[in-house]
Amino acid sequence: MKAIWNNMVIADSDDTIVIEKNHYFPPDSVRMEVLSDSETKSVCPWKGNASYYDITVDGRINRDAAWYYPQPKEAAEHIKGYIAFWKGVEITGS
């Protein structure tokens, strides 16, 4: 699977985890240099507290377009640190 935004592949992996129709990419498959920490947080009742990243490509910023669970609840422990995308980031098969 690939995550593409602003014509750049920002994640590429054959080992994503799909939860609630979202592909969670292993951190080592993501171009971390295009991500920057966001102040945004949210809470999922069963996964726990999510943190967000802004994506910056060619001077364009897509705020809060990626999220992850740094310390997920036990039921979601298998996606700890994995990164998912939304807000116009295209997820496509490899």
# chains A, B, ... in the order shown; residues from 1 in each chain; ligands from 1
>>> residues_around(residues="segment 17-30 of chain A", least_positions_apart="3", cutoff="10 Å", atoms="only C-alpha atoms", output="PyMOL selection string")
chain A and resi 1-3+9-14+33-35+66-68+76+78-86+91-92
>>> residues_around(residues="segment 57-62 of chain A", least_positions_apart="3", cutoff="7 Å", atoms="only C-alpha atoms", output="PyMOL selection string")
chain A and resi 6+34+54+65
>>> atom_distance(atom1="atom CA of Pro70 of chain A", atom2="atom CA of Ser51 of chain A")
7.2 Å
>>> atom_distance(atom1="atom CA of Cys44 of chain A", atom2="atom CA of Asp64 of chain A")
15.9 Å
>>> closest_residue(among="A:Asn7, A:Lys87, A:Gly93, A:Tyr69", to="Val43 of chain A", atoms="only C-alpha atoms")
A:Tyr69
>>> closest_residue(among="A:Asp37, A:Val89, A:Pro72, A:Asp15", to="Asn49 of chain A", atoms="only C-alpha atoms")
A:Pro72
>>> select_by_dssp(residues="chain A", states="helix (DSSP H, G or I)", output="list in words")
Pro27, Asp28, Ser29, Met32, Glu33, Val34, Glu74, Ala75, Ala76, Glu77, His78 and Ile79 of chain A
>>> write_last_selection(atoms="N, CA and C atoms", output="mmCIF file, in the first residue's frame")
data_model
loop_
_atom_site.group_PDB
_atom_site.id
_atom_site.type_symbol
_atom_site.label_atom_id
_atom_site.label_comp_id
_atom_site.auth_asym_id
_atom_site.auth_seq_id
_atom_site.Cartn_x
_atom_site.Cartn_y
_atom_site.Cartn_z
ATOM 1 N N PRO A 27 6.096 2.506 11.103
ATOM 2 C CA PRO A 27 6.858 3.764 11.091
ATOM 3 C C PRO A 27 8.058 3.750 10.152
ATOM 4 N N ASP A 28 8.720 2.594 9.991
ATOM 5 C CA ASP A 28 9.891 2.551 9.117
ATOM 6 C C ASP A 28 9.545 2.590 7.634
ATOM 7 N N SER A 29 8.244 2.592 7.303
ATOM 8 C CA SER A 29 7.818 2.683 5.904
ATOM 9 C C SER A 29 7.370 4.099 5.532
ATOM 10 N N MET A 32 9.448 10.099 7.352
ATOM 11 C CA MET A 32 9.247 10.916 8.545
ATOM 12 C C MET A 32 9.711 12.360 8.357
ATOM 13 N N GLU A 33 10.584 12.596 7.392
ATOM 14 C CA GLU A 33 11.075 13.960 7.183
ATOM 15 C C GLU A 33 9.987 14.911 6.683
ATOM 16 N N VAL A 34 8.860 14.386 6.180
ATOM 17 C CA VAL A 34 7.771 15.261 5.721
ATOM 18 C C VAL A 34 6.705 15.442 6.800
ATOM 19 N N GLU A 74 -4.654 -1.729 25.474
ATOM 20 C CA GLU A 74 -4.239 -3.111 25.221
ATOM 21 C C GLU A 74 -4.833 -3.697 23.937
ATOM 22 N N ALA A 75 -6.092 -3.394 23.661
ATOM 23 C CA ALA A 75 -6.762 -3.948 22.474
ATOM 24 C C ALA A 75 -6.121 -3.479 21.169
ATOM 25 N N ALA A 76 -5.406 -2.359 21.208
ATOM 26 C CA ALA A 76 -4.791 -1.803 19.996
ATOM 27 C C ALA A 76 -3.263 -1.793 20.079
ATOM 28 N N GLU A 77 -2.713 -2.534 20.986
ATOM 29 C CA GLU A 77 -1.256 -2.545 21.190
ATOM 30 C C GLU A 77 -0.491 -2.856 19.893
ATOM 31 N N HIS A 78 -1.082 -3.646 19.011
ATOM 32 C CA HIS A 78 -0.407 -4.039 17.765
ATOM 33 C C HIS A 78 -0.220 -2.897 16.771
ATOM 34 N N ILE A 79 -0.861 -1.743 16.995
ATOM 35 C CA ILE A 79 -0.639 -0.598 16.101
ATOM 36 C C ILE A 79 0.169 0.508 16.771
#
>>> atom_distance(atom1="atom CA of Thr56 of chain A", atom2="atom CA of Gly88 of chain A")
13.0 Å
>>> select_by_dssp(residues="chain A", states="strand (DSSP E or B)", output="MDAnalysis selection string")
chainID A and resid 2:5 8:12 17:19 22:25 30 35:44 48:57 60:69 80 83:85 90:92
